[in-house]
There are 2 protein chains.
Amino acid sequence: MATKAGVSTATASRALNGKSTVDPILAARVLSAAAELGYQPNGPARNLRRQETAVLALIISDVENPFFTSIARGVEDVAQAVGYSVVLCNADENPDKERRYIDVAIQERVAGVVLSPTGTATNVDALTTRGTPLVAVDRHLPDASADMVLVDTKQAAKEATAHLISQGYDQVGCITGPIGIPTADDRLAGYKDATRAAKRRYSAKFVRRTAYRADGARDATIDLLTQDERPDALLVANSTMAIGVLEALSELDLRLGEDVGVVAFDDAPWAPLVNPPLSVVSQPAYDIGKVAAELLMARIADSTRTFTTTTLRANLITRGSSTRKR
Amino acid sequence: MATKAGVSTATASRALNGKSTVDPILAARVLSAAAELGYQPNGPARNLRRQETAVLALIISDVENPFFTSIARGVEDVAQAVGYSVVLCNADENPDKERRYIDVAIQERVAGVVLSPTGTATNVDALTTRGTPLVAVDRHLPDASADMVLVDTKQAAKEATAHLISQGYDQVGCITGPIGIPTADDRLAGYKDATRAAKRRYSAKFVRRTAYRADGARDATIDLLTQDERPDALLVANSTMAIGVLEALSELDLRLGEDVGVVAFDDAPWAPLVNPPLSVVSQPAYDIGKVAAELLMARIADSTRTFTTTTLRANLITRGSSTRKR
DNA sequence: CTGAAAGCGCTAACAT
DNA sequence: ATGTTAGCGCTTTCAG
């Protein structure tokens, strides 16, 4: 291609990269030759030479969860704006896959990674020892040598629970994720706080922990609601689980809102459509992604920044599922 | 690292890649040295040298649509099984972004790409001229020098429409995607076929075309149902649109199933939860991804294969939203 | 402003 | 079986 334009590879490279130190005439010749040949730079070669890439890895714990895909959009929008590409990797709530994708990210020498950790088993040492810029989202990292973007999910759980109690439900229960996943633990803690603050009885009988999946939540709900002493309201830790909870209610012939009040985390697009509409704790997913990407870009530019933790607020949206008609 | 193990880089390389021609003792020494130093191979260098990568690009037109994320899982599962990584790129129904990601895929010299084209503007010449293995999913490519995995969506639309008619709805309408997107066109065509086959009147008055988004579908539905002559049933082209349609129905105080029968494409997880449950055309999304990845792997192994088109069947699932109670 | 040449980290001939 | 060496395609000194 350089030969076609009659210049050296060095000049061609400079022209292609828009360096100002090139004769405009030569530059034009290079550009047209490149276009004509459908030239596409060899990324691996460039990255090898430059020792850096303009791609970000975004490793999320579940592609099928709208909460995480909204984060993805936030990350993408800011990355695109500054000329970075982002590749999504789906860890699928599976520490092994997560591990593998972290390795891939390192091996491909990505410029930085945004990670929503699958849980306690997450090990980011490989990233930190190499100094790969990292931002954790949604779930905090235990050892914490990274920027983090979180949501005040414990507080939100507390408010949601208090709301249910104030609506006249006598015994609120809680369906949350596995032990060790910070969001699952925090939401339970908030639930517990609110229960005690309202002088209601807290008992493990009213909580169920299961994988962040619809089927698990369905079984847990059936189990919870078929015991002798059963709750008449439920705090549900995410929208995937909410699907299972609603299925269970329908199977048990229990009326949503009336027989069992429900508030679920995450304002899924379908939440207003069920009958009655589902009350939710809306998390600022897009903003989480946006802030995370900004933090990452800042750290790529300056690796000596101190680590920050940004905590965003969630927002309780009350709809029909958490009110009893009188 | 090679020096630490006291061997040449060549031997180290061989050991790391599990070549059999290495003294087991040396190999062990290399491996332990690598582990100790936290050695991670340099991907760009390896890829440059090998002139190939073990990563697949999956460019989908909308990460927030469960249909596409299911495809993603299908692709991932088979890729992982044979040691490939897959990076997801979100074209966001935007031809420019799609274009950019195709360029990225080429520049990074990925082993192959699975693409769900955003529409007619899609140009895969860059891929085909370079001989990058490509499989198109969901929407066929006009010029067709690629394997394709499609769904017989026209036939499915026809069956769904016929079902609505057989349930006693007098005038079925159709909400579909933009002109030029094959799935949108095909679903309309199937609707038209069924309407005519049943000797019902077909009129453009009963169809609305809009972006594959909830808000567009909502507006279109309100528009459609507030005109003088209004349909009493709707075929909806995907689940994102279905959300908008259900919103509109609720705003207009029209009862789902009773006042307006609805069948929508894609069996979203929430479809059974609305009241009455939503009848859907279930597409085998996971299998689409699975077959696409298999095809891609086959083509990577043998680039001389002839191009094939696989058409999978969709499945009508009737629930309450398409039946009138008597 | 341009060209020649070195070298990024790795793997595959080739030689031993 | 192991080491030596060349070279993948690019960018970037360093000379001119």
# chains A, B, ... in the order shown; residues from 1 in each chain; ligands from 1
$ select_by_dssp --residues "range 244-281 of chain B" --states "helix (DSSP H, G or I)" --output "VMD selection string"
chain B and resid 244 to 251 271 to 273
$ write_last_selection --atoms "N, CA and C atoms" --output "compact mmCIF listing (two decimals), in the first residue's frame"
# COMPACT_ATOMS: atom_id res chain seq x y z
N GLY B 244 -44.84 -1.77 24.27
CA GLY B 244 -45.51 -0.53 23.89
C GLY B 244 -46.99 -0.75 23.58
N VAL B 245 -47.28 -1.86 22.95
CA VAL B 245 -48.67 -2.15 22.61
C VAL B 245 -49.50 -2.33 23.88
N LEU B 246 -48.95 -3.05 24.84
CA LEU B 246 -49.70 -3.27 26.07
C LEU B 246 -49.88 -1.97 26.85
N GLU B 247 -48.88 -1.12 26.81
CA GLU B 247 -49.01 0.19 27.44
C GLU B 247 -50.16 0.96 26.81
N ALA B 248 -50.19 0.94 25.49
CA ALA B 248 -51.22 1.68 24.77
C ALA B 248 -52.61 1.15 25.12
N LEU B 249 -52.73 -0.16 25.15
CA LEU B 249 -54.03 -0.76 25.47
C LEU B 249 -54.49 -0.28 26.84
N SER B 250 -53.55 -0.28 27.77
CA SER B 250 -53.90 0.12 29.11
C SER B 250 -54.31 1.61 29.14
N GLU B 251 -53.60 2.43 28.39
CA GLU B 251 -53.96 3.85 28.34
C GLU B 251 -55.34 4.07 27.73
N ALA B 271 -43.82 -12.78 29.34
CA ALA B 271 -45.06 -12.93 28.56
C ALA B 271 -46.16 -13.68 29.31
N PRO B 272 -45.84 -14.72 30.05
CA PRO B 272 -46.91 -15.43 30.76
C PRO B 272 -47.46 -14.64 31.95
N LEU B 273 -46.82 -13.55 32.32
CA LEU B 273 -47.18 -12.88 33.57
C LEU B 273 -48.22 -11.79 33.42
$ closest_atom_pairs --of "chain B" --to "chain D" --cutoff "9 Å" --atoms "only C-alpha atoms (C1' of nucleotides)" --output "CSV"
residue,atom,partner,partner_atom,distance
B:Val7,CA,D:DT2,C1',8.4
B:Ser8,CA,D:DG3,C1',6.4
B:Thr9,CA,D:DG3,C1',8.8
B:Ala10,CA,D:DG3,C1',7.5
B:Thr11,CA,D:DT2,C1',6.8
B:Thr21,CA,D:DA1,C1',6.5
B:Val22,CA,D:DA1,C1',6.3
B:Asp23,CA,D:DA1,C1',6.8
B:Ala45,CA,D:DC8,C1',8.5
B:Asn47,CA,D:DC8,C1',8.8
B:Leu48,CA,D:DC8,C1',5.4
B:Arg49,CA,D:DC8,C1',4.6
B:Arg50,CA,D:DC8,C1',7.6
B:Gln51,CA,D:DC8,C1',7.4
$ write_last_selection --atoms "N, CA, C and O atoms" --output "compact mmCIF listing (two decimals), in the first residue's frame"
# COMPACT_ATOMS: atom_id res chain seq x y z
N VAL B 7 15.72 -21.99 30.27
CA VAL B 7 15.58 -22.56 28.92
C VAL B 7 15.45 -21.43 27.91
O VAL B 7 15.34 -20.26 28.28
N SER B 8 15.45 -21.79 26.65
CA SER B 8 15.28 -20.77 25.61
C SER B 8 13.81 -20.39 25.50
O SER B 8 12.93 -21.12 25.95
N THR B 9 13.58 -19.24 24.87
CA THR B 9 12.20 -18.82 24.69
C THR B 9 11.42 -19.83 23.85
O THR B 9 10.23 -20.03 24.05
N ALA B 10 12.11 -20.44 22.94
CA ALA B 10 11.44 -21.41 22.07
C ALA B 10 10.90 -22.56 22.89
O ALA B 10 9.74 -22.96 22.76
N THR B 11 11.71 -23.09 23.76
CA THR B 11 11.26 -24.20 24.59
C THR B 11 10.13 -23.76 25.51
O THR B 11 9.14 -24.48 25.70
N THR B 21 6.80 -32.40 22.19
CA THR B 21 8.24 -32.58 22.00
C THR B 21 9.07 -31.84 23.05
O THR B 21 10.11 -31.29 22.74
N VAL B 22 8.59 -31.86 24.26
CA VAL B 22 9.34 -31.18 25.32
C VAL B 22 9.58 -32.14 26.48
O VAL B 22 8.67 -32.87 26.89
N ASP B 23 10.78 -32.13 26.96
CA ASP B 23 11.11 -32.94 28.12
C ASP B 23 10.17 -32.56 29.27
O ASP B 23 10.10 -31.40 29.66
N ALA B 45 0.96 -10.16 20.26
CA ALA B 45 2.17 -10.74 19.67
C ALA B 45 1.89 -12.13 19.10
O ALA B 45 2.26 -12.45 17.97
N ASN B 47 -1.01 -13.34 18.22
CA ASN B 47 -1.92 -13.26 17.08
C ASN B 47 -1.20 -12.76 15.84
O ASN B 47 -1.47 -13.20 14.73
N LEU B 48 -0.31 -11.84 16.08
CA LEU B 48 0.46 -11.30 14.94
C LEU B 48 1.26 -12.42 14.30
O LEU B 48 1.25 -12.59 13.09
N ARG B 49 1.90 -13.16 15.14
CA ARG B 49 2.75 -14.21 14.61
C ARG B 49 1.92 -15.33 13.96
O ARG B 49 2.18 -15.76 12.86
N ARG B 50 0.89 -15.72 14.65
CA ARG B 50 0.09 -16.85 14.15
C ARG B 50 -0.82 -16.46 13.01
O ARG B 50 -1.37 -17.31 12.32
N GLN B 51 -1.05 -15.17 12.89
CA GLN B 51 -1.97 -14.69 11.86
C GLN B 51 -3.38 -15.25 12.07
O GLN B 51 -4.10 -15.49 11.11
$ interface_residues --of "chain C" --to "chain A" --cutoff "12 Å" --atoms "only C-alpha atoms (C1' of nucleotides)" --output "ChimeraX atom specification"
/C:1-10
$ interface_residues --of "chain A" --to "chain B" --cutoff "7 Å" --atoms "only C-alpha atoms" --output "NGL selection string"
:A and (40-45 or 47-48 or 63-64 or 66 or 69 or 87-89 or 107-108 or 243 or 246-247 or 270 or 273-275)
$ residues_around --residues "range 158-170 of chain A" --least-positions-apart "5" --cutoff "6 Å" --atoms "only C-alpha atoms (C1' of nucleotides)" --output "number ranges by chain"
A: 190-191, 194
$ write_last_selection --atoms "N, CA, C and O atoms" --output "compact mmCIF listing (two decimals), in the first residue's frame"
# COMPACT_ATOMS: atom_id res chain seq x y z
N GLY A 190 -30.80 -4.57 54.56
CA GLY A 190 -31.74 -3.44 54.57
C GLY A 190 -33.13 -3.90 55.00
O GLY A 190 -33.82 -3.23 55.77
N TYR A 191 -33.51 -5.04 54.49
CA TYR A 191 -34.80 -5.64 54.85
C TYR A 191 -34.88 -5.88 56.36
O TYR A 191 -35.86 -5.56 57.03
N ALA A 194 -35.18 -2.61 58.39
CA ALA A 194 -36.51 -2.01 58.34
C ALA A 194 -37.49 -2.82 59.20
O ALA A 194 -38.35 -2.27 59.89
$ residues_around --residues "Thr310 in chain B" --least-positions-apart "6" --cutoff "8 Å" --atoms "only C-alpha atoms (C1' of nucleotides)" --output "JSON, numbers by chain"
{"B": [148, 149, 150]}
$ residues_around --residues "Ala184 in chain B" --least-positions-apart "4" --cutoff "12 Å" --atoms "only C-alpha atoms (C1' of nucleotides)" --output "mmCIF file with N, CA and C atoms, in the first residue's frame"
data_model
loop_
_atom_site.group_PDB
_atom_site.id
_atom_site.type_symbol
_atom_site.label_atom_id
_atom_site.label_comp_id
_atom_site.auth_asym_id
_atom_site.auth_seq_id
_atom_site.Cartn_x
_atom_site.Cartn_y
_atom_site.Cartn_z
ATOM 1 N N THR B 118 -28.407 -5.022 10.914
ATOM 2 C CA THR B 118 -29.398 -4.043 11.343
ATOM 3 C C THR B 118 -30.441 -3.818 10.259
ATOM 4 N N GLY B 119 -30.081 -4.058 9.019
ATOM 5 C CA GLY B 119 -31.082 -3.871 7.974
ATOM 6 C C GLY B 119 -30.458 -3.802 6.600
ATOM 7 N N THR B 120 -31.114 -3.130 5.720
ATOM 8 C CA THR B 120 -30.655 -3.087 4.341
ATOM 9 C C THR B 120 -29.324 -2.376 4.184
ATOM 10 N N ASP B 138 -30.856 -14.345 11.942
ATOM 11 C CA ASP B 138 -32.136 -13.655 12.082
ATOM 12 C C ASP B 138 -32.601 -12.940 10.817
ATOM 13 N N ARG B 139 -31.709 -12.168 10.214
ATOM 14 C CA ARG B 139 -32.112 -11.406 9.031
ATOM 15 C C ARG B 139 -31.187 -11.779 7.883
ATOM 16 N N HIS B 140 -31.769 -12.080 6.749
ATOM 17 C CA HIS B 140 -30.917 -12.533 5.652
ATOM 18 C C HIS B 140 -30.174 -11.367 5.037
ATOM 19 N N THR B 153 -40.268 -16.966 9.548
ATOM 20 C CA THR B 153 -41.025 -15.992 10.276
ATOM 21 C C THR B 153 -42.290 -15.576 9.517
ATOM 22 N N LYS B 154 -42.219 -15.684 8.209
ATOM 23 C CA LYS B 154 -43.401 -15.355 7.416
ATOM 24 C C LYS B 154 -44.501 -16.385 7.671
ATOM 25 N N ALA B 157 -45.920 -15.873 11.077
ATOM 26 C CA ALA B 157 -46.827 -14.723 11.125
ATOM 27 C C ALA B 157 -48.176 -15.109 10.548
ATOM 28 N N CYS B 174 -51.725 -5.040 12.268
ATOM 29 C CA CYS B 174 -50.332 -5.488 12.385
ATOM 30 C C CYS B 174 -49.425 -4.314 12.744
ATOM 31 N N ILE B 175 -48.598 -4.542 13.747
ATOM 32 C CA ILE B 175 -47.589 -3.552 14.128
ATOM 33 C C ILE B 175 -46.241 -4.188 13.832
ATOM 34 N N THR B 176 -45.521 -3.628 12.880
ATOM 35 C CA THR B 176 -44.256 -4.264 12.526
ATOM 36 C C THR B 176 -43.142 -3.227 12.405
ATOM 37 N N GLY B 177 -41.936 -3.731 12.132
ATOM 38 C CA GLY B 177 -40.750 -2.877 12.104
ATOM 39 C C GLY B 177 -40.599 -2.123 10.789
ATOM 40 N N PRO B 178 -39.523 -1.365 10.688
ATOM 41 C CA PRO B 178 -39.301 -0.484 9.544
ATOM 42 C C PRO B 178 -39.186 -1.228 8.210
ATOM 43 N N ILE B 179 -39.547 -0.550 7.158
ATOM 44 C CA ILE B 179 -39.379 -1.085 5.810
ATOM 45 C C ILE B 179 -37.905 -1.395 5.594
ATOM 46 N N GLY B 180 -37.631 -2.547 5.008
ATOM 47 C CA GLY B 180 -36.248 -2.881 4.691
ATOM 48 C C GLY B 180 -35.640 -3.872 5.670
ATOM 49 N N LEU B 188 -44.983 -8.953 8.077
ATOM 50 C CA LEU B 188 -46.103 -8.276 7.429
ATOM 51 C C LEU B 188 -46.650 -9.125 6.280
ATOM 52 N N ALA B 189 -45.739 -9.715 5.530
ATOM 53 C CA ALA B 189 -46.164 -10.527 4.384
ATOM 54 C C ALA B 189 -47.004 -11.721 4.845
ATOM 55 N N GLY B 190 -46.568 -12.351 5.923
ATOM 56 C CA GLY B 190 -47.325 -13.488 6.449
ATOM 57 C C GLY B 190 -48.695 -13.060 6.932
ATOM 58 N N TYR B 191 -48.737 -11.925 7.556
ATOM 59 C CA TYR B 191 -50.001 -11.357 8.033
ATOM 60 C C TYR B 191 -50.946 -11.122 6.859
ATOM 61 N N VAL B 207 -52.258 -1.445 9.273
ATOM 62 C CA VAL B 207 -50.875 -1.747 9.629
ATOM 63 C C VAL B 207 -50.108 -0.474 9.952
ATOM 64 N N ARG B 208 -49.196 -0.632 10.894
ATOM 65 C CA ARG B 208 -48.322 0.465 11.292
ATOM 66 C C ARG B 208 -46.898 -0.060 11.308
ATOM 67 N N ARG B 209 -45.997 0.763 10.780
ATOM 68 C CA ARG B 209 -44.584 0.377 10.806
ATOM 69 C C ARG B 209 -43.816 1.406 11.595
ATOM 70 N N THR B 210 -42.959 0.934 12.455
ATOM 71 C CA THR B 210 -42.188 1.852 13.297
ATOM 72 C C THR B 210 -40.928 1.127 13.755
ATOM 73 N N ALA B 211 -40.016 1.885 14.363
ATOM 74 C CA ALA B 211 -38.786 1.260 14.856
ATOM 75 C C ALA B 211 -39.140 0.144 15.841
ATOM 76 N N TYR B 212 -38.240 -0.828 15.953
ATOM 77 C CA TYR B 212 -38.443 -1.940 16.874
ATOM 78 C C TYR B 212 -38.275 -1.471 18.312
ATOM 79 N N LEU B 235 -51.293 -8.304 15.440
ATOM 80 C CA LEU B 235 -50.093 -9.122 15.365
ATOM 81 C C LEU B 235 -48.920 -8.170 15.579
ATOM 82 N N VAL B 236 -48.072 -8.469 16.560
ATOM 83 C CA VAL B 236 -46.996 -7.552 16.930
ATOM 84 C C VAL B 236 -45.652 -8.205 16.645
ATOM 85 N N ALA B 237 -44.739 -7.464 15.995
ATOM 86 C CA ALA B 237 -43.561 -8.095 15.418
ATOM 87 C C ALA B 237 -42.414 -8.427 16.363
ATOM 88 N N ASN B 238 -42.383 -7.873 17.561
ATOM 89 C CA ASN B 238 -41.427 -8.419 18.538
ATOM 90 C C ASN B 238 -41.797 -8.037 19.964
ATOM 91 N N MET B 241 -41.692 -4.308 21.094
ATOM 92 C CA MET B 241 -42.887 -3.606 20.648
ATOM 93 C C MET B 241 -44.105 -4.015 21.466
ATOM 94 N N PHE B 265 -44.468 -11.602 18.549
ATOM 95 C CA PHE B 265 -43.294 -12.426 18.328
ATOM 96 C C PHE B 265 -42.389 -12.380 19.557
#
$ residues_around --residues "Val124 in chain B" --least-positions-apart "6" --cutoff "12 Å" --atoms "only C-alpha atoms (C1' of nucleotides)" --output "tab-separated table (two decimals) with C-alpha atoms, in the first residue's frame"
chain	number	residue	atom	x	y	z
B	95	PRO	CA	-25.84	0.99	10.77
B	98	GLU	CA	-22.54	-1.81	13.03
B	99	ARG	CA	-20.10	-0.63	10.43
B	100	ARG	CA	-17.63	0.45	13.06
B	101	TYR	CA	-17.79	-2.91	14.80
B	102	ILE	CA	-17.29	-4.75	11.54
B	103	ASP	CA	-14.12	-2.71	11.06
B	105	ALA	CA	-13.58	-7.17	13.95
B	106	ILE	CA	-11.46	-7.05	10.83
B	113	VAL	CA	-18.11	-13.10	12.95
B	114	VAL	CA	-21.74	-13.78	13.68
B	115	LEU	CA	-23.86	-10.85	12.61
B	116	SER	CA	-27.49	-9.96	13.00
B	117	PRO	CA	-27.71	-7.27	10.33
B	118	THR	CA	-29.40	-4.04	11.34
B	130	ARG	CA	-11.00	-10.31	3.23
B	131	GLY	CA	-12.47	-13.77	3.44
B	132	THR	CA	-13.40	-13.41	7.09
B	133	PRO	CA	-15.79	-16.23	7.94
B	134	LEU	CA	-19.27	-14.84	8.48
B	135	VAL	CA	-22.63	-16.17	9.52
B	136	ALA	CA	-25.71	-13.97	9.36
B	140	HIS	CA	-30.92	-12.53	5.65
B	141	LEU	CA	-28.24	-10.69	3.78
B	142	PRO	CA	-29.22	-9.38	0.36
B	143	ASP	CA	-26.16	-10.54	-1.57
B	144	ALA	CA	-25.86	-13.72	0.37
B	145	SER	CA	-22.27	-14.87	0.18
B	146	ALA	CA	-22.44	-16.13	3.73
$ select_by_dssp --residues "range 156-249 of chain A" --states "strand (DSSP E or B)" --output "PDB file with C-alpha atoms, in the first residue's frame"
ATOM      1  CA  VAL A 172     -42.890  -9.015  54.984  1.00  0.00           C
ATOM      2  CA  GLY A 173     -40.643 -11.743  53.643  1.00  0.00           C
ATOM      3  CA  CYS A 174     -37.528 -11.521  51.502  1.00  0.00           C
ATOM      4  CA  ILE A 175     -36.305 -13.425  48.474  1.00  0.00           C
ATOM      5  CA  THR A 176     -32.672 -12.654  47.803  1.00  0.00           C
ATOM      6  CA  VAL A 207     -36.304 -15.273  54.021  1.00  0.00           C
ATOM      7  CA  ARG A 208     -35.172 -17.449  51.175  1.00  0.00           C
ATOM      8  CA  ARG A 209     -31.851 -17.273  49.362  1.00  0.00           C
ATOM      9  CA  ALA A 233     -45.611  -9.316  51.392  1.00  0.00           C
ATOM     10  CA  LEU A 234     -42.275  -9.894  49.685  1.00  0.00           C
ATOM     11  CA  LEU A 235     -39.150  -7.920  48.970  1.00  0.00           C
ATOM     12  CA  VAL A 236     -37.539  -9.447  45.873  1.00  0.00           C
TER      13      VAL A 236
END
$ atom_distance --atom1 "CA of Ser20 in chain A" --atom2 "CA of Glu36 in chain A"
22.6 Å
$ atom_distance --atom1 "CA of Arg200 in chain A" --atom2 "CA of Val262 in chain A"
17.5 Å
$ atom_distance --atom1 "CA of Ala156 in chain B" --atom2 "CA of Ala197 in chain B"
14.5 Å
$ residues_around --residues "Leu37 in chain B" --least-positions-apart "4" --cutoff "9 Å" --atoms "only C-alpha atoms (C1' of nucleotides)" --output "VMD selection string"
chain B and resid 1 32 to 33
